file coords37.cif (mmCIF, C-alpha atoms)
data_protein
loop_
_atom_site.label_atom_id
_atom_site.label_comp_id
_atom_site.auth_asym_id
_atom_site.auth_seq_id
_atom_site.Cartn_x
_atom_site.Cartn_y
_atom_site.Cartn_z
CA ASN A 1 -21.54 36.41 128.23
CA SER A 2 -23.02 34.66 125.21
CA SER A 3 -25.23 37.67 124.55
CA MET A 4 -22.23 39.98 124.81
CA LEU A 5 -20.24 37.70 122.47
CA GLY A 6 -23.08 37.65 119.94
CA LEU A 7 -23.46 41.42 120.12
CA PHE A 8 -19.70 41.88 119.69
CA MET A 9 -19.61 39.58 116.66
CA ARG A 10 -22.65 41.19 115.05
CA THR A 11 -21.12 44.59 115.59
CA PHE A 12 -17.75 43.41 114.26
CA VAL A 13 -19.45 42.16 111.08
CA LEU A 14 -20.31 45.75 110.19
CA ILE A 15 -16.69 46.90 110.28
CA PRO A 16 -15.68 45.58 106.80
CA VAL A 17 -18.85 47.08 105.33
CA LEU A 18 -17.99 50.47 106.76
CA VAL A 19 -14.40 50.13 105.57
CA TRP A 20 -15.56 49.29 102.03
CA ILE A 21 -18.10 52.12 101.93
CA TYR A 22 -15.88 54.88 103.30
CA LEU A 23 -12.35 53.84 102.42
CA ARG A 24 -12.97 51.78 99.25
CA THR A 25 -10.17 49.33 99.98
CA ASN A 26 -9.68 46.08 98.02
CA PHE A 27 -13.24 44.96 97.36
CA PHE A 28 -12.50 41.27 97.01
CA LEU A 29 -10.43 40.96 100.23
CA VAL A 30 -12.96 42.94 102.26
CA THR A 31 -15.81 40.72 101.03
CA ILE A 32 -13.86 37.56 101.97
CA PHE A 33 -13.15 38.97 105.42
CA TYR A 34 -16.78 40.03 105.82
CA THR A 35 -18.04 36.56 104.87
CA LEU A 36 -15.63 34.77 107.23
CA ILE A 37 -16.66 36.98 110.17
CA SER A 38 -20.33 36.28 109.43
CA LEU A 39 -19.59 32.55 109.34
CA VAL A 40 -17.78 32.77 112.70
CA ALA A 41 -20.73 34.67 114.18
CA VAL A 42 -23.20 31.97 113.06
CA LEU A 43 -20.97 29.17 114.40
CA GLY A 44 -20.54 31.08 117.69
CA MET A 45 -24.27 31.40 118.21
CA ILE A 46 -24.86 27.73 117.34
CA VAL A 47 -22.17 26.69 119.82
CA ALA A 48 -23.70 28.97 122.47
CA ILE A 49 -27.13 27.38 121.95
CA VAL A 50 -25.95 23.77 121.76
CA GLU A 51 -23.02 23.67 124.17
CA TYR A 52 -24.10 26.22 126.74
CA ALA A 53 -27.84 25.66 126.44
CA MET A 54 -28.49 29.30 125.65
CA PRO A 55 -32.27 29.89 125.40
CA VAL A 56 -33.43 30.07 121.77
CA HIS A 57 -35.29 33.32 121.25
CA LEU A 58 -36.99 34.37 118.03
CA ILE A 59 -34.52 37.20 117.68
CA SER A 60 -31.63 34.72 117.79
CA VAL A 61 -33.21 32.75 114.94
CA TYR A 62 -33.57 35.96 112.98
CA VAL A 63 -29.97 36.87 113.67
CA ILE A 64 -28.73 33.44 112.52
CA ALA A 65 -30.87 33.66 109.38
CA LEU A 66 -29.51 37.14 108.77
CA GLN A 67 -25.92 35.98 109.20
CA ILE A 68 -26.52 33.06 106.78
CA TYR A 69 -28.07 35.49 104.34
CA LEU A 70 -25.03 37.74 104.69
CA ILE A 71 -22.72 34.76 104.06
CA LEU A 72 -24.61 33.92 100.87
CA LEU A 73 -24.55 37.57 99.91
CA GLY A 74 -20.80 37.67 100.47
CA CYS A 75 -20.31 34.63 98.22
CA LEU A 76 -22.48 36.25 95.57
CA ILE A 77 -20.51 39.46 95.85
CA CYS A 78 -17.26 37.49 95.46
CA ALA A 79 -18.64 35.89 92.30
CA PHE A 80 -19.69 39.26 90.91
CA ASN A 81 -16.33 40.69 91.87
CA ALA A 82 -14.53 37.94 89.90
CA LEU A 83 -16.81 38.62 86.92
CA TYR A 84 -16.16 42.35 87.25
CA GLU A 85 -12.38 41.79 87.27
CA GLN A 86 -12.65 39.58 84.20
CA LEU A 87 -14.70 42.20 82.39
CA ARG A 88 -12.27 44.91 83.44
CA GLN A 89 -9.29 42.92 82.10
CA THR A 90 -11.18 42.23 78.87
CA ARG A 91 -11.96 45.93 78.52
CA LEU A 92 -8.32 46.85 79.10
CA GLU A 93 -7.13 44.31 76.52
CA LEU A 94 -9.74 45.56 74.08
CA ALA A 95 -8.56 49.13 74.60
CA ARG A 96 -4.93 48.11 74.04
CA SER A 97 -5.86 46.20 70.87
CA GLU A 98 -7.89 49.13 69.62
CA GLU A 99 -4.99 51.49 70.28
CA LYS A 100 -2.58 49.12 68.51
CA TYR A 101 -4.74 48.80 65.40
CA ARG A 102 -5.53 52.51 65.37
CA THR A 103 -1.78 53.20 65.42
CA LEU A 104 -1.30 50.78 62.52
CA PHE A 105 -4.19 52.38 60.64
CA GLU A 106 -3.01 55.95 61.13
CA ASN A 107 0.69 55.26 60.48
CA ALA A 108 0.30 52.83 57.56
CA SER A 109 2.44 53.68 54.53
CA PHE A 110 -0.47 52.87 52.19
CA GLY A 111 -3.84 54.56 51.98
CA ILE A 112 -6.99 53.09 53.60
CA PHE A 113 -10.43 54.56 52.92
CA HIS A 114 -14.21 54.07 52.97
CA LEU A 115 -16.21 55.76 50.20
CA THR A 116 -19.96 56.26 50.61
CA ALA A 117 -22.58 56.08 47.88
CA ALA A 118 -22.71 59.88 47.99
CA GLY A 119 -19.08 60.03 46.85
CA ARG A 120 -17.64 61.21 50.17
CA PHE A 121 -14.88 59.63 52.23
CA SER A 122 -16.27 58.59 55.60
CA LEU A 123 -12.99 57.05 56.74
CA ALA A 124 -9.39 57.62 55.69
CA ASN A 125 -5.87 57.58 57.10
CA ARG A 126 -3.07 60.12 56.75
CA ALA A 127 -1.35 58.31 53.88
CA PHE A 128 -4.52 58.38 51.76
CA ALA A 129 -5.16 62.05 52.53
CA GLY A 130 -1.58 62.87 51.52
CA MET A 131 -1.95 61.05 48.19
CA LEU A 132 -5.01 63.16 47.40
CA GLY A 133 -3.10 66.34 48.28
CA PHE A 134 -4.74 67.15 51.63
CA SER A 135 -2.76 68.20 54.68
CA SER A 136 -4.96 66.27 57.15
CA VAL A 137 -7.63 63.59 57.30
CA GLU A 138 -10.17 66.07 58.68
CA GLU A 139 -9.69 68.32 55.65
CA LEU A 140 -10.38 65.33 53.39
CA THR A 141 -13.46 63.99 55.20
CA ASN A 142 -14.96 67.49 55.57
CA SER A 143 -14.45 68.34 51.92
CA THR A 144 -17.65 68.96 49.94
CA GLN A 145 -15.97 68.28 46.59
CA ALA A 146 -16.87 65.21 44.52
CA LEU A 147 -13.38 63.84 45.01
CA ALA A 148 -14.21 60.26 44.03
CA THR A 149 -15.52 61.46 40.67
CA GLN A 150 -12.56 63.79 40.14
CA ILE A 151 -10.00 61.04 40.65
CA GLY A 152 -12.10 58.37 38.94
CA LEU A 153 -12.67 55.94 41.81
CA GLY A 154 -16.30 55.16 41.00
CA LEU A 155 -19.06 54.44 43.53
CA PRO A 156 -20.15 51.33 45.49
CA ASN A 157 -21.64 48.65 43.25
CA SER A 158 -23.37 45.73 44.96
CA HIS A 159 -23.30 43.74 41.72
CA VAL A 160 -19.49 43.51 41.80
CA GLU A 161 -18.27 40.86 44.24
CA GLY A 162 -14.80 40.47 45.70
CA TRP A 163 -11.74 42.64 45.35
CA VAL A 164 -11.00 44.60 42.19
CA HIS A 165 -7.32 45.41 41.58
CA SER A 166 -5.98 48.04 39.19
CA VAL A 167 -3.25 50.59 38.57
CA HIS A 168 -4.84 54.01 38.91
CA ARG A 169 -3.48 57.36 37.73
CA PHE A 170 -4.97 60.72 38.77
CA THR A 171 -4.13 64.36 39.47
CA ASN A 172 -4.43 65.35 43.14
CA GLN A 173 -5.34 68.66 44.79
CA ASN A 174 -1.76 69.92 44.35
CA ASN A 175 -1.90 69.30 40.56
CA LYS A 176 0.59 66.45 40.88
CA THR A 177 0.19 63.25 38.92
CA VAL A 178 -0.04 60.25 41.24
CA ILE A 179 0.19 56.62 40.14
CA THR A 180 -1.26 54.12 42.60
CA LYS A 181 -1.92 50.43 43.00
CA LEU A 182 -5.60 50.25 43.98
CA SER A 183 -7.62 47.43 45.57
CA MET A 184 -11.34 48.01 46.24
CA ARG A 185 -14.46 46.06 47.12
CA THR A 186 -18.10 46.90 47.85
CA VAL A 187 -19.20 46.25 51.44
CA GLN A 188 -22.88 45.77 52.32
CA PRO A 189 -23.33 46.13 56.12
CA SER A 190 -25.57 43.57 57.86
CA ASN A 191 -27.67 46.32 59.49
CA GLU A 192 -29.15 47.22 56.08
CA SER A 193 -27.42 50.59 55.95
CA GLU A 194 -26.11 51.84 52.61
CA ALA A 195 -23.21 50.06 50.94
CA TYR A 196 -19.78 51.63 50.81
CA LEU A 197 -16.47 51.10 49.05
CA GLU A 198 -13.55 49.79 51.11
CA GLY A 199 -10.19 50.30 49.51
CA PHE A 200 -6.43 50.23 49.86
CA MET A 201 -4.20 52.50 47.80
CA GLU A 202 -0.41 52.27 47.49
CA ASN A 203 1.56 55.12 45.96
CA ILE A 204 3.80 53.62 43.25
CA THR A 205 4.65 56.88 41.46
CA VAL A 206 8.35 56.74 42.32
CA ARG A 207 8.53 53.05 41.45
CA MET A 208 6.82 53.55 38.08
CA GLN A 209 9.07 56.51 37.26
CA ALA A 210 12.13 54.43 38.21
CA ASN A 211 10.87 51.56 36.05
CA ALA A 212 10.39 53.95 33.12
CA ARG A 213 13.93 55.26 33.53
CA LEU A 214 15.23 51.71 33.83
CA LYS A 215 13.43 50.64 30.66
CA LYS A 216 14.82 53.66 28.85
CA SER A 217 18.32 52.84 30.08
CA GLU A 218 17.91 49.20 29.09
CA GLN A 219 16.75 50.22 25.63
CA SER A 220 19.71 52.57 25.25
CA PHE A 221 22.06 49.86 26.50
CA ARG A 222 20.59 47.31 24.09
CA THR A 223 20.98 49.79 21.25
CA ILE A 224 24.64 50.28 22.15
CA ILE A 225 25.17 46.53 22.43
CA SER A 226 23.46 45.75 19.14
CA THR A 227 25.45 48.38 17.24
CA ALA A 228 28.81 47.74 18.93
CA PRO A 229 31.58 46.85 16.40
CA TYR A 230 32.97 44.13 18.67
CA ALA A 231 31.43 40.87 19.85
CA ILE A 232 29.55 40.69 23.17
CA GLN A 233 28.25 37.42 24.59
CA LEU A 234 26.27 36.71 27.78
CA PHE A 235 26.81 33.38 29.56
CA ILE A 236 24.95 31.84 32.54
CA LEU A 237 26.70 29.47 34.96
CA GLY A 238 24.33 26.59 35.72
CA ALA A 239 24.06 24.48 38.85
CA ASP A 240 26.17 21.85 37.09
CA GLY A 241 29.07 24.33 36.84
CA ILE A 242 28.79 24.67 33.04
CA LEU A 243 28.59 28.02 31.23
CA ARG A 244 25.86 28.25 28.58
CA LEU A 245 25.19 31.00 26.06
CA GLU A 246 22.22 33.22 26.93
CA ASP A 247 22.54 36.03 24.37
CA SER A 248 24.95 37.66 21.92
CA ASN A 249 24.99 40.75 19.70
CA PRO A 250 25.03 40.81 15.88
CA ALA A 251 28.79 41.55 15.80
CA ALA A 252 29.47 38.29 17.68
CA ASN A 253 27.31 36.34 15.26
CA THR A 254 29.25 37.79 12.33
CA LEU A 255 32.72 37.61 13.87
CA LEU A 256 32.41 34.01 15.10
CA ASN A 257 30.12 32.83 12.27
CA ILE A 258 27.32 31.61 14.58
CA GLU A 259 23.53 31.81 14.48
CA MET A 260 22.05 32.94 17.79
CA GLY A 261 18.90 30.87 17.33
CA GLN A 262 20.93 27.68 17.11
CA ALA A 263 23.70 28.62 19.56
CA GLN A 264 21.52 29.79 22.47
CA GLY A 265 21.72 27.36 25.39
CA LYS A 266 24.85 25.65 24.13
CA THR A 267 27.95 25.31 26.31
CA MET A 268 30.89 27.68 25.96
CA PRO A 269 33.19 25.09 24.32
CA GLU A 270 30.46 24.42 21.74
CA VAL A 271 30.00 28.14 21.01
CA LEU A 272 33.73 28.99 21.00
CA PRO A 273 35.53 25.85 19.76
CA GLY A 274 38.52 27.86 18.58
CA PHE A 275 39.72 28.28 22.18
CA ALA A 276 39.88 24.53 22.84
CA GLY A 277 43.06 23.40 24.49
CA THR A 278 43.49 26.64 26.47
CA SER A 279 42.62 27.63 30.05
CA PHE A 280 40.08 30.14 28.73
CA PHE A 281 36.94 28.12 29.65
CA GLU A 282 38.05 27.36 33.23
CA THR A 283 39.06 31.00 33.78
CA CYS A 284 35.64 32.18 32.58
CA ARG A 285 33.92 29.74 34.96
CA LYS A 286 35.88 31.19 37.90
CA VAL A 287 34.96 34.72 36.82
CA ALA A 288 31.24 33.81 36.65
CA SER A 289 31.34 32.23 40.12
CA ALA A 290 33.26 35.24 41.53
CA GLU A 291 36.27 33.12 42.43
CA ILE A 292 38.46 35.62 40.56
CA ALA A 293 37.98 39.16 39.30
CA LYS A 294 37.75 40.45 35.72
CA GLN A 295 40.22 38.83 33.33
CA SER A 296 41.70 39.93 29.98
CA PHE A 297 43.31 37.69 27.34
CA GLU A 298 44.95 37.83 23.92
CA LEU A 299 44.46 34.41 22.35
CA PRO A 300 44.53 32.91 18.87
CA TYR A 301 41.24 31.47 17.64
CA LEU A 302 41.57 28.42 15.44
CA SER A 303 38.50 26.60 14.17
CA ASP A 304 37.39 25.08 10.88
CA GLU A 305 35.51 28.25 9.91
CA VAL A 306 37.32 31.11 11.67
CA GLN A 307 41.01 31.82 12.29
CA GLY A 308 42.25 34.94 13.95
CA PHE A 309 43.69 36.60 17.02
CA TYR A 310 41.32 38.10 19.59
CA ASP A 311 41.46 40.40 22.60
CA LEU A 312 39.01 39.05 25.19
CA THR A 313 37.65 40.45 28.45
CA ALA A 314 35.55 38.35 30.87
CA VAL A 315 33.62 40.11 33.67
CA GLN A 316 30.86 39.07 36.09
CA VAL A 317 27.73 41.27 35.76
CA SER A 318 25.59 39.45 38.36
CA PRO A 319 25.81 36.24 40.42
CA ASN A 320 26.62 33.32 38.07
CA THR A 321 26.29 35.61 35.04
CA MET A 322 29.17 36.91 32.96
CA VAL A 323 29.81 38.88 29.79
CA ILE A 324 32.65 38.32 27.30
CA THR A 325 33.79 41.01 24.90
CA ILE A 326 35.76 39.82 21.86
CA VAL A 327 37.77 42.26 19.73
CA ASP A 328 39.41 41.09 16.51
CA ILE A 329 43.11 42.09 16.67
CA THR A 330 44.28 39.85 13.82
CA MET A 331 45.36 42.81 11.64
CA ARG A 332 47.18 44.38 14.56
CA LYS A 333 49.05 41.15 15.28
CA GLN A 334 50.00 40.84 11.61
CA ALA A 335 51.25 44.44 11.58
CA GLU A 336 53.27 43.75 14.73
CA LYS A 337 54.77 40.70 13.04
CA VAL A 338 55.73 42.72 9.95
CA ALA A 339 57.21 45.46 12.14
CA ARG A 340 59.32 42.93 14.02
CA ALA A 341 60.49 41.45 10.72
CA ARG A 342 61.44 44.90 9.42
CA LEU A 343 63.30 45.60 12.64
CA VAL A 344 65.30 42.41 12.20
CA LEU A 345 65.95 43.40 8.58
CA LEU A 346 67.24 46.82 9.57
CA GLU A 347 69.49 45.35 12.22
CA ALA A 348 70.86 42.87 9.68
CA SER A 349 71.36 45.57 7.01
CA ALA A 350 73.70 47.44 9.29
CA ARG A 351 76.12 44.52 9.09
CA LEU A 352 75.88 43.95 5.29
CA LYS A 353 78.19 45.23 2.56
CA PRO A 354 76.73 47.68 0.02
CA GLU A 355 76.37 45.05 -2.75
CA GLU A 356 74.71 42.59 -0.31
CA LEU A 357 72.36 45.29 0.91
CA GLU A 358 71.37 46.10 -2.69
CA GLU A 359 70.53 42.45 -3.34
CA LEU A 360 68.47 42.36 -0.14
CA PHE A 361 66.42 45.42 -1.17
CA ILE A 362 65.81 43.90 -4.63
CA TYR A 363 64.59 40.65 -2.97
CA GLU A 364 62.32 42.52 -0.56
CA ALA A 365 60.80 44.53 -3.40
CA LYS A 366 60.04 41.36 -5.32
CA THR A 367 58.52 39.57 -2.33
#

call {"tool": "encode", "arguments": {"input": "coords37.cif", "output": "structure tokens"}}
result
Amino acid sequence: NSSMLGLFMRTFVLIPVLVWIYLRTNFFLVTIFYTLISLVAVLGMIVAIVEYAMPVHLISVYVIALQIYLILLGCLICAFNALYEQLRQTRLELARSEEKYRTLFENASFGIFHLTAAGRFSLANRAFAGMLGFSSVEELTNSTQALATQIGLGLPNSHVEGWVHSVHRFTNQNNKTVITKLSMRTVQPSNESEAYLEGFMENITVRMQANARLKKSEQSFRTIISTAPYAIQLFILGADGILRLEDSNPAANTLLNIEMGQAQGKTMPEVLPGFAGTSFFETCRKVASAEIAKQSFELPYLSDEVQGFYDLTAVQVSPNTMVITIVDITMRKQAEKVARARLVLLEASARLKPEELEELFIYEAKT
């Protein structure tokens, strides 16, 4: 019976091996099962020898040694299996990371390139190829033209350390002018191969063109402001809630009798003292802080140096920044006053007798 049990167990030990070889099931679970069965077989034979006094033959010793060897082999296989799984997971994570960074590289909005000492691009992404006027990266890297020389990139220079930044302008393969922001450095590989240039290039053509148009518009606007016949003043609302003069045009300096060099940075009541005692300053503060919309006024201006009547408009041009336009309407107000006086005179003349009307005309002519 013991011999039959030992034979059965030794035969049963081979089953997981056959399953793993032919069916390739879960390697780790099969190895565990295989090791446990071998352990049971060894314990069974030891029990048969000790408990049942089974004769100890040389073949039995060999079988026990073989089973112990198989147990150790199973443990070793389990260890290798764990290492294999760890390496497999590491390889999968590496592949995912590589795919992620390759996607970033290929789909980046800025150009990335490597330039060899021979003046050829060994590495580039689609954005860089597009800036140079090529339809694909392969067309760029396979090109035999001295592209680096044509666009003025230069060649690797081991004497220049660190990144070099510049704004670079060149004409690409489609005869279009391209303006770029360029960052390059020379890389010397550790394996003693030839040095190469590593660079990043951002296309700023549209931005530079927009800046040029903006500067032109600003210059035109400043020309209009400086030649305007009415006063224009720019005020900034500080954190303390006080409006201070930032800039004014020549007409404002003349109209209000101020010097911009001395008035800049002063508060609104200091710059425009003739409006003291009115709600003008508080209204302007609310306009600058966007509490209320654009406001228009017709106010008298009374100071020691200037007296007049002005048409004012206060409007916010940006957060906490406002502009005031001041138009002198003193002559208009005086004309309106004369017109009202004449109207009263005409209404009164209709009720006068002829001799009284004659005396009135004589008095008006004299005055």

call {"tool": "atom_distance", "arguments": {"input": "coords37.cif", "atom1": "atom CA of A:Gly119", "atom2": "atom CA of A:Ala148"}}
result
5.6 Å

call {"tool": "atom_distance", "arguments": {"input": "coords37.cif", "atom1": "atom CA of A:Leu299", "atom2": "atom CA of A:Arg285"}}
result
17.1 Å

call {"tool": "residues_around", "arguments": {"input": "coords37.cif", "residues": "stretch 249-262 of chain A", "least_positions_apart": "3", "cutoff": "7 Å", "atoms": "all atoms listed in the file", "output": "CSV table (one decimal) with C-alpha atoms, in the coordinates of the input"}}
result
chain,number,residue,atom,x,y,z
A,225,ILE,CA,25.2,46.5,22.4
A,226,SER,CA,23.5,45.8,19.1
A,228,ALA,CA,28.8,47.7,18.9
A,229,PRO,CA,31.6,46.8,16.4
A,230,TYR,CA,33.0,44.1,18.7
A,231,ALA,CA,31.4,40.9,19.8
A,232,ILE,CA,29.6,40.7,23.2
A,233,GLN,CA,28.2,37.4,24.6
A,306,VAL,CA,37.3,31.1,11.7

call {"tool": "resolve_selection", "arguments": {"input": "coords37.cif", "expression": "the PyMOL selection byres ((chain A and resi 320-330) around 9)", "output": "MDAnalysis selection string"}}
result
chainID A and resid 229:238 243 252 255 284:285 287:290 298 300 307:319 331:335

call {"tool": "closest_residue", "arguments": {"input": "coords37.cif", "among": "A:Ala118, A:Ala263, A:Met201, A:Ile242", "to": "A:Lys286", "atoms": "only C-alpha atoms"}}
result
A:Ile242

call {"tool": "atom_distance", "arguments": {"input": "coords37.cif", "atom1": "atom CA of A:Leu123", "atom2": "atom CA of A:Lys181"}}
result
18.8 Å

call {"tool": "resolve_selection", "arguments": {"input": "coords37.cif", "expression": "the PyMOL selection byres ((chain A and resi 208) around 12)", "output": "ChimeraX atom specification"}}
result
/A:167-169,177-181,202-207,209-215

call {"tool": "closest_residue", "arguments": {"input": "coords37.cif", "among": "A:Ala95, A:Ala79, A:Met268, A:Leu182", "to": "A:Phe110", "atoms": "only C-alpha atoms"}}
result
A:Leu182

call {"tool": "closest_residue", "arguments": {"input": "coords37.cif", "among": "A:Leu115, A:Leu197, A:Asn174, A:His165", "to": "A:Gly133", "atoms": "all atoms listed in the file"}}
result
A:Asn174

call {"tool": "residues_near_point", "arguments": {"input": "coords37.cif", "point": "(-10.9, 47.9, 44.7)", "cutoff": "8 Å", "atoms": "only C-alpha atoms", "output": "ChimeraX atom specification"}}
result
/A:163-166,182-186,197-200

call {"tool": "build_atoms", "arguments": {"input": "coords37.cif", "residues": "stretch 76-103 of chain A", "atoms": "N, CA and C atoms", "output": "PDB file, in the frame of the given file"}}
result
ATOM      1  N   LEU A  76     -21.990  35.685  96.835  1.00  0.00           N
ATOM      2  CA  LEU A  76     -22.480  36.250  95.570  1.00  0.00           C
ATOM      3  C   LEU A  76     -21.660  37.469  95.155  1.00  0.00           C
ATOM      4  N   ILE A  77     -21.324  38.275  96.156  1.00  0.00           N
ATOM      5  CA  ILE A  77     -20.510  39.460  95.850  1.00  0.00           C
ATOM      6  C   ILE A  77     -19.131  39.051  95.340  1.00  0.00           C
ATOM      7  N   CYS A  78     -18.559  37.982  95.933  1.00  0.00           N
ATOM      8  CA  CYS A  78     -17.260  37.490  95.460  1.00  0.00           C
ATOM      9  C   CYS A  78     -17.350  37.041  93.995  1.00  0.00           C
ATOM     10  N   ALA A  79     -18.460  36.337  93.682  1.00  0.00           N
ATOM     11  CA  ALA A  79     -18.640  35.890  92.300  1.00  0.00           C
ATOM     12  C   ALA A  79     -18.754  37.078  91.346  1.00  0.00           C
ATOM     13  N   PHE A  80     -19.557  38.061  91.758  1.00  0.00           N
ATOM     14  CA  PHE A  80     -19.690  39.260  90.910  1.00  0.00           C
ATOM     15  C   PHE A  80     -18.378  40.026  90.814  1.00  0.00           C
ATOM     16  N   ASN A  81     -17.620  40.018  91.921  1.00  0.00           N
ATOM     17  CA  ASN A  81     -16.330  40.690  91.870  1.00  0.00           C
ATOM     18  C   ASN A  81     -15.381  40.025  90.873  1.00  0.00           C
ATOM     19  N   ALA A  82     -15.372  38.652  90.854  1.00  0.00           N
ATOM     20  CA  ALA A  82     -14.530  37.940  89.900  1.00  0.00           C
ATOM     21  C   ALA A  82     -14.965  38.245  88.472  1.00  0.00           C
ATOM     22  N   LEU A  83     -16.302  38.289  88.256  1.00  0.00           N
ATOM     23  CA  LEU A  83     -16.810  38.620  86.920  1.00  0.00           C
ATOM     24  C   LEU A  83     -16.437  40.053  86.540  1.00  0.00           C
ATOM     25  N   TYR A  84     -16.519  40.955  87.506  1.00  0.00           N
ATOM     26  CA  TYR A  84     -16.160  42.350  87.250  1.00  0.00           C
ATOM     27  C   TYR A  84     -14.680  42.476  86.875  1.00  0.00           C
ATOM     28  N   GLU A  85     -13.805  41.742  87.592  1.00  0.00           N
ATOM     29  CA  GLU A  85     -12.380  41.790  87.270  1.00  0.00           C
ATOM     30  C   GLU A  85     -12.106  41.241  85.877  1.00  0.00           C
ATOM     31  N   GLN A  86     -12.831  40.154  85.535  1.00  0.00           N
ATOM     32  CA  GLN A  86     -12.650  39.580  84.200  1.00  0.00           C
ATOM     33  C   GLN A  86     -13.099  40.556  83.118  1.00  0.00           C
ATOM     34  N   LEU A  87     -14.222  41.209  83.356  1.00  0.00           N
ATOM     35  CA  LEU A  87     -14.700  42.200  82.390  1.00  0.00           C
ATOM     36  C   LEU A  87     -13.758  43.393  82.301  1.00  0.00           C
ATOM     37  N   ARG A  88     -13.196  43.780  83.442  1.00  0.00           N
ATOM     38  CA  ARG A  88     -12.270  44.910  83.440  1.00  0.00           C
ATOM     39  C   ARG A  88     -11.002  44.572  82.656  1.00  0.00           C
ATOM     40  N   GLN A  89     -10.470  43.338  82.855  1.00  0.00           N
ATOM     41  CA  GLN A  89      -9.290  42.920  82.100  1.00  0.00           C
ATOM     42  C   GLN A  89      -9.585  42.837  80.602  1.00  0.00           C
ATOM     43  N   THR A  90     -10.788  42.314  80.286  1.00  0.00           N
ATOM     44  CA  THR A  90     -11.180  42.230  78.870  1.00  0.00           C
ATOM     45  C   THR A  90     -11.282  43.618  78.261  1.00  0.00           C
ATOM     46  N   ARG A  91     -11.836  44.558  79.017  1.00  0.00           N
ATOM     47  CA  ARG A  91     -11.960  45.930  78.520  1.00  0.00           C
ATOM     48  C   ARG A  91     -10.599  46.578  78.328  1.00  0.00           C
ATOM     49  N   LEU A  92      -9.663  46.299  79.245  1.00  0.00           N
ATOM     50  CA  LEU A  92      -8.320  46.850  79.100  1.00  0.00           C
ATOM     51  C   LEU A  92      -7.615  46.261  77.876  1.00  0.00           C
ATOM     52  N   GLU A  93      -7.736  44.932  77.684  1.00  0.00           N
ATOM     53  CA  GLU A  93      -7.130  44.310  76.520  1.00  0.00           C
ATOM     54  C   GLU A  93      -7.749  44.814  75.226  1.00  0.00           C
ATOM     55  N   LEU A  94      -9.061  45.017  75.253  1.00  0.00           N
ATOM     56  CA  LEU A  94      -9.740  45.560  74.080  1.00  0.00           C
ATOM     57  C   LEU A  94      -9.253  46.972  73.766  1.00  0.00           C
ATOM     58  N   ALA A  95      -9.060  47.762  74.804  1.00  0.00           N
ATOM     59  CA  ALA A  95      -8.560  49.130  74.600  1.00  0.00           C
ATOM     60  C   ALA A  95      -7.147  49.123  74.048  1.00  0.00           C
ATOM     61  N   ARG A  96      -6.295  48.206  74.562  1.00  0.00           N
ATOM     62  CA  ARG A  96      -4.930  48.110  74.040  1.00  0.00           C
ATOM     63  C   ARG A  96      -4.931  47.656  72.588  1.00  0.00           C
ATOM     64  N   SER A  97      -5.776  46.666  72.267  1.00  0.00           N
ATOM     65  CA  SER A  97      -5.860  46.200  70.870  1.00  0.00           C
ATOM     66  C   SER A  97      -6.359  47.305  69.965  1.00  0.00           C
ATOM     67  N   GLU A  98      -7.356  48.034  70.432  1.00  0.00           N
ATOM     68  CA  GLU A  98      -7.890  49.130  69.620  1.00  0.00           C
ATOM     69  C   GLU A  98      -6.822  50.198  69.386  1.00  0.00           C
ATOM     70  N   GLU A  99      -6.052  50.504  70.423  1.00  0.00           N
ATOM     71  CA  GLU A  99      -4.990  51.490  70.280  1.00  0.00           C
ATOM     72  C   GLU A  99      -3.914  50.996  69.319  1.00  0.00           C
ATOM     73  N   LYS A 100      -3.588  49.695  69.396  1.00  0.00           N
ATOM     74  CA  LYS A 100      -2.580  49.120  68.510  1.00  0.00           C
ATOM     75  C   LYS A 100      -3.018  49.218  67.055  1.00  0.00           C
ATOM     76  N   TYR A 101      -4.266  48.781  66.789  1.00  0.00           N
ATOM     77  CA  TYR A 101      -4.740  48.800  65.400  1.00  0.00           C
ATOM     78  C   TYR A 101      -4.991  50.216  64.905  1.00  0.00           C
ATOM     79  N   ARG A 102      -5.375  51.109  65.783  1.00  0.00           N
ATOM     80  CA  ARG A 102      -5.530  52.510  65.370  1.00  0.00           C
ATOM     81  C   ARG A 102      -4.168  53.093  64.994  1.00  0.00           C
ATOM     82  N   THR A 103      -3.128  52.740  65.747  1.00  0.00           N
ATOM     83  CA  THR A 103      -1.780  53.200  65.420  1.00  0.00           C
ATOM     84  C   THR A 103      -1.355  52.657  64.059  1.00  0.00           C
TER      85      THR A 103
END
